[in-house]
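All remarks here apply to the structure that follows.
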Amino acid sequence: MSEKQVILVTGGTGLVGKAIEYVVQNGEKQPNEEWIFVSSKDANLSDLASTEAMFEKYKPTQVIHLAAMVGGLFKNLKYNLDFFRTNIQINDNVLATSYKFGVKKVVSCLSTCIFPDKTTYPINEKMIHNGPPHDSNFGYSYAKRMIDVLNKGYNKQKGVNYTAVIPTNVYGPHDNFELEDGHVLPGLINKVYCAKRDGTDFVIWGTGSPRRQFIYSRDLARLMIWVLRNYTEIEPIILSVSEEDEVSIKEAAEAVLKAADFKGNVVFDTSKSDGQFKKTASNEKLRSYLPDFKFTPFDKAIKETVEWFETNYETARK
Ligand code: NAP
Ligand code: GDP
């Protein structure tokens with residue numbers, strides 16, 4: 001029988017963590033694996049002693065590191081300092097503790113929003129450190145970029161295999177549907193629910209023209225499990241739908257309206273920021289490894305997410 005693997009997922013109660021749990025519970029778990037999903041209730045990862053106590057308790061052999069201070073454009077605009085400090089602390093603690101406890105592999109999470117603002121498109125894995133990120137989220141971006149620095153350092157100096165994935169905008173069940181602090185799709189899903197219930201206008205913030213590649217959390221989960229098991233590079237890998245699948249915020253909002261069957265009035269609040277215009281990423285590297293991977297069609301995944309929110313309205317983060 002193969003050696004027992006203990007896989008610890010930090011941020012295990014969030015959008016991506018819950019999707020990994022779903023995929024693991026629905027057929028991906030291998031007999032020699034134990035999966036442990038933890039949240040801030042198990043350990044405050046910005047505190048080293050608390051982080052070490054949790055690793056001592058579970059003794060993981062591998063770590064999927066998702067825990068982070070996360071938020072949409074409008075939360076980032078307000079709290080750049082907190083995003084930087086909290087995420088730097090969490091990432092340094094998790095990687096240092098992983099090394100101290102002999103963890104063989106760590107897969108952490110970057111994001112396509114951390115790339116240089118002034119760049120050529122499509123963005124690829126080599127461009128992370130080429131110039132300043134968009135000013136709206138410089139705190140989050142610089143902290144995330146340092147994961148790549150840490151991974152290279154741990155490999156070169158200590159010889160371990162710590163790597164990272166770079167997802168585009170993620171959405172799905174268990175997202176943070178808060179209006180001010182969350183990302184665009186959960187925000188729009190919450191807004192359409194309220195507009196239908198209250199008979200009010202559906203308001204899209206900004207002009208609707210910025211463009212995004214969205215990835216369904218359950219697709220991302222399948223890909224991250226593949227990365228944990230099969231990807232051996234230290235260089236990160238972009239996990240994204242194709243460039244042709246990029247949509248405008250207006251098109252994304254239309255998909256939400258269709259899934260929710262909303263018939264009311266739609267307005268744009270152009271007093272709100274548009275943020276970064278686009279961050280179009282190449283999935284060429286992913287396709288070189290997994291040419292046949294099938295992403296869930298956008299409309300289907302949006303429908304599942306809208307239905308999840310409607311069913312779980314009372315307990316959802318909102
Ligand atoms: P999320 O839903 O906000 O979940 C965050 C998770 O981190 C929760 O489980 C939370 O625990 C945990 N956490 C936060 N602070 C912590 C702390 N100090 N100590 C321990 N745990 C802490 O986030 P997500 O959207 O799943 O994001 C997961 C990862 O993907 C993050 O690294 C994020 O940067 C990255 N990412 C996300 C997106 C996106 O669009 N959402 C896009 C690209 C990359 P509690 O439940 O106890 O608070
Ligand atoms: P980003 O992709 O990192 O910029 O973050 P978001 O997921 O917050 O997306 C921000 C983009 O969506 C901007 O162009 C916003 O103007 C637009 N947007 C439209 N409506 C909303 C909304 O209800 N919430 C959020 N967060 N953004 C919205």
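Order determines the names: the first chain of the structure tokens is A, the second B, and so forth; residues in each chain are numbered 1 upward, and ligands are numbered 1 upward as they are shown.
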Could you make a table, as JSON lines, of the residues of segment 175-293 of chain A that have an atom within 8 Å of an atom of segment 303-308 of chain A, each with its nearest atom pair and distance in Å to one decimal, counting only C-alpha atoms, in chain and number order?
```
{"residue": "A:Ile189", "atom": "CA", "partner": "A:Val306", "partner_atom": "CA", "distance": 6.3}
{"residue": "A:Val256", "atom": "CA", "partner": "A:Val306", "partner_atom": "CA", "distance": 7.5}
{"residue": "A:Ala259", "atom": "CA", "partner": "A:Lys303", "partner_atom": "CA", "distance": 5.0}
{"residue": "A:Ala260", "atom": "CA", "partner": "A:Val306", "partner_atom": "CA", "distance": 6.7}
```
Residues at most 6 Å from ligand 2, using only C-alpha atoms and all ligand atoms? Could they come as a PyMOL selection string? chain A and resi 72-73+113+182-184+187-188+204-206+210+249+273-276
Env of Tyr162 of chain A: 6 Å cut, atoms = only C-alpha atoms, seq-sep filter 3 positions within chain, self excluded. Answer as a PyMOL selection string. chain A and resi 105-106+151
Can you write out the residues you just picked, keeping N, CA, C and O atoms, as a compact mmCIF listing (two decimals), in the first residue's frame?
```
# COMPACT_ATOMS: atom_id res chain seq x y z
N LYS A 105 5.36 19.14 -0.02
CA LYS A 105 4.91 19.99 -1.11
C LYS A 105 3.87 20.99 -0.59
O LYS A 105 2.97 20.61 0.16
N VAL A 106 4.00 22.25 -1.03
CA VAL A 106 2.99 23.27 -0.72
C VAL A 106 2.54 23.88 -2.04
O VAL A 106 3.37 24.24 -2.88
N ASN A 151 8.87 30.85 -2.58
CA ASN A 151 8.94 29.52 -3.19
C ASN A 151 10.30 29.29 -3.85
O ASN A 151 10.90 28.22 -3.71
```
Cut-off 7 Å, only C-alpha atoms and all ligand atoms, neighbours of ligand 1 as an NGL selection string: :A and (10-17 or 38-41 or 43-46 or 65-71 or 90 or 108-112 or 166-171 or 175-176 or 183)
Go ahead and write the residues just picked, N, CA and C atoms, as a compact mmCIF listing (two decimals), in the first residue's frame.
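Done, and the output landed in again-v8.txt:
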```
# COMPACT_ATOMS: atom_id res chain seq x y z
N THR A 10 -5.37 25.08 4.12
CA THR A 10 -5.64 26.31 4.87
C THR A 10 -6.70 27.11 4.09
N GLY A 11 -7.48 27.90 4.81
CA GLY A 11 -8.57 28.61 4.11
C GLY A 11 -9.63 27.63 3.64
N GLY A 12 -9.74 26.51 4.36
CA GLY A 12 -10.61 25.41 3.91
C GLY A 12 -12.09 25.70 4.00
N THR A 13 -12.48 26.81 4.65
CA THR A 13 -13.90 27.15 4.74
C THR A 13 -14.32 28.22 3.74
N GLY A 14 -13.38 28.67 2.90
CA GLY A 14 -13.69 29.74 1.95
C GLY A 14 -14.20 29.22 0.62
N LEU A 15 -14.32 30.11 -0.34
CA LEU A 15 -14.83 29.77 -1.68
C LEU A 15 -14.05 28.61 -2.30
N VAL A 16 -12.74 28.74 -2.36
CA VAL A 16 -11.92 27.72 -3.03
C VAL A 16 -11.79 26.47 -2.16
N GLY A 17 -11.63 26.67 -0.85
CA GLY A 17 -11.50 25.53 0.06
C GLY A 17 -12.73 24.63 0.03
N VAL A 38 -9.09 23.49 7.22
CA VAL A 38 -9.04 24.32 8.42
C VAL A 38 -9.38 25.79 8.11
N SER A 39 -9.82 26.48 9.16
CA SER A 39 -10.18 27.90 9.02
C SER A 39 -9.47 28.71 10.10
N SER A 40 -9.83 29.98 10.22
CA SER A 40 -9.20 30.81 11.25
C SER A 40 -9.57 30.35 12.66
N LYS A 41 -10.61 29.53 12.75
CA LYS A 41 -10.99 29.00 14.08
C LYS A 41 -9.97 27.94 14.54
N ALA A 43 -6.64 27.96 13.61
CA ALA A 43 -5.38 28.66 13.89
C ALA A 43 -5.44 30.03 13.25
N ASN A 44 -4.89 31.03 13.95
CA ASN A 44 -4.71 32.33 13.32
C ASN A 44 -3.35 32.30 12.62
N LEU A 45 -3.36 32.19 11.32
CA LEU A 45 -2.11 31.99 10.58
C LEU A 45 -1.27 33.25 10.51
N SER A 46 -1.78 34.39 10.96
CA SER A 46 -0.88 35.55 11.04
C SER A 46 -0.04 35.50 12.32
N HIS A 65 -2.32 25.85 0.34
CA HIS A 65 -2.41 27.07 1.15
C HIS A 65 -3.28 28.11 0.46
N LEU A 66 -4.52 28.25 0.99
CA LEU A 66 -5.49 29.20 0.42
C LEU A 66 -5.74 30.39 1.33
N ALA A 67 -5.49 30.24 2.62
CA ALA A 67 -5.90 31.27 3.58
C ALA A 67 -5.27 32.61 3.22
N ALA A 68 -6.09 33.63 3.24
CA ALA A 68 -5.61 34.97 2.90
C ALA A 68 -6.67 35.98 3.28
N MET A 69 -6.24 37.22 3.41
CA MET A 69 -7.21 38.31 3.43
C MET A 69 -7.58 38.54 1.96
N VAL A 70 -8.87 38.39 1.64
CA VAL A 70 -9.33 38.41 0.24
C VAL A 70 -10.45 39.42 0.12
N GLY A 71 -10.57 40.07 -1.03
CA GLY A 71 -11.71 40.97 -1.24
C GLY A 71 -11.75 41.46 -2.66
N ILE A 90 0.76 35.85 7.01
CA ILE A 90 0.18 34.51 6.83
C ILE A 90 1.10 33.66 5.96
N SER A 108 0.47 27.12 -3.12
CA SER A 108 -0.17 28.36 -2.66
C SER A 108 -0.92 29.01 -3.82
N CYS A 109 -1.60 30.10 -3.49
CA CYS A 109 -2.48 30.74 -4.47
C CYS A 109 -2.06 32.19 -4.73
N LEU A 110 -1.67 32.48 -5.94
CA LEU A 110 -1.50 33.89 -6.36
C LEU A 110 -2.80 34.29 -7.04
N SER A 111 -2.76 35.31 -7.90
CA SER A 111 -3.98 35.75 -8.60
C SER A 111 -3.56 36.55 -9.83
N THR A 112 -4.35 36.54 -10.88
CA THR A 112 -3.96 37.32 -12.08
C THR A 112 -4.02 38.82 -11.81
N ILE A 166 -1.96 30.38 -10.25
CA ILE A 166 -2.41 31.77 -10.48
C ILE A 166 -3.81 31.72 -11.10
N PRO A 167 -4.86 31.71 -10.25
CA PRO A 167 -6.21 31.69 -10.82
C PRO A 167 -6.64 33.09 -11.25
N THR A 168 -7.59 33.12 -12.19
CA THR A 168 -8.26 34.39 -12.54
C THR A 168 -9.38 34.61 -11.51
N ASN A 169 -10.33 35.51 -11.79
CA ASN A 169 -11.44 35.74 -10.85
C ASN A 169 -12.23 34.44 -10.63
N VAL A 170 -12.37 34.06 -9.37
CA VAL A 170 -13.06 32.80 -9.03
C VAL A 170 -14.49 33.12 -8.57
N TYR A 171 -15.42 32.18 -8.81
CA TYR A 171 -16.79 32.34 -8.30
C TYR A 171 -17.37 30.94 -8.10
N ASP A 175 -19.09 31.48 -1.90
CA ASP A 175 -18.36 32.74 -2.11
C ASP A 175 -18.75 33.74 -1.02
N ASN A 176 -18.03 34.86 -1.00
CA ASN A 176 -18.39 35.95 -0.11
C ASN A 176 -19.32 36.90 -0.90
N HIS A 183 -16.33 40.15 -4.41
CA HIS A 183 -16.00 40.31 -5.83
C HIS A 183 -17.26 40.55 -6.65
```
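Ranking A:Leu286, A:Ile114, A:Met146, A:Leu95 by their shortest atom-to-atom distance to Gly131 of chain A, with only C-alpha atoms included, puts A:Ile114 first.
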Could you tell me which of A:Asn93, A:Asn130, A:Thr163, A:Asn87 comes closest to Ile64 of chain A if we count only C-alpha atoms? A:Thr163
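Considering only C-alpha atoms, the residue among A:Arg145, A:Ile225, A:Pro186, A:Gly27 positioned nearest to Val9 of chain A is A:Ile225.
Using only C-alpha atoms, the smallest distance between any of A:Asn32, A:Asn137, A:Gln62, A:Thr311 and Asp82 of chain A comes from A:Asn137.
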With DSSP run on the backbone, what are the alpha helix (DSSP H) residues within segment 27-250 of chain A? I'd like them as a VMD selection string. chain A and resid 48 to 58 73 to 78 80 to 100 138 to 153 184 to 198 217 to 230 249 to 250
Mind giving me the straight-line distance from atom CA of Asp42 of chain A to atom CA of Val227 of chain A in Å, one decimal? 25.1 Å
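The two atoms in question, atom CA of Ala49 of chain A and atom CA of Ser141 of chain A, are spaced 25.8 Å apart.
Closest approach to Glu251 of chain A from the set A:Arg212, A:Lys75, A:Lys272, A:Lys104 is made by A:Arg212, with distances taken over only C-alpha atoms.
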Coordinates-based distance that separates atom CA of Lys300 of chain A from atom CA of Thr207 of chain A (Å, one decimal): 25.2 Å
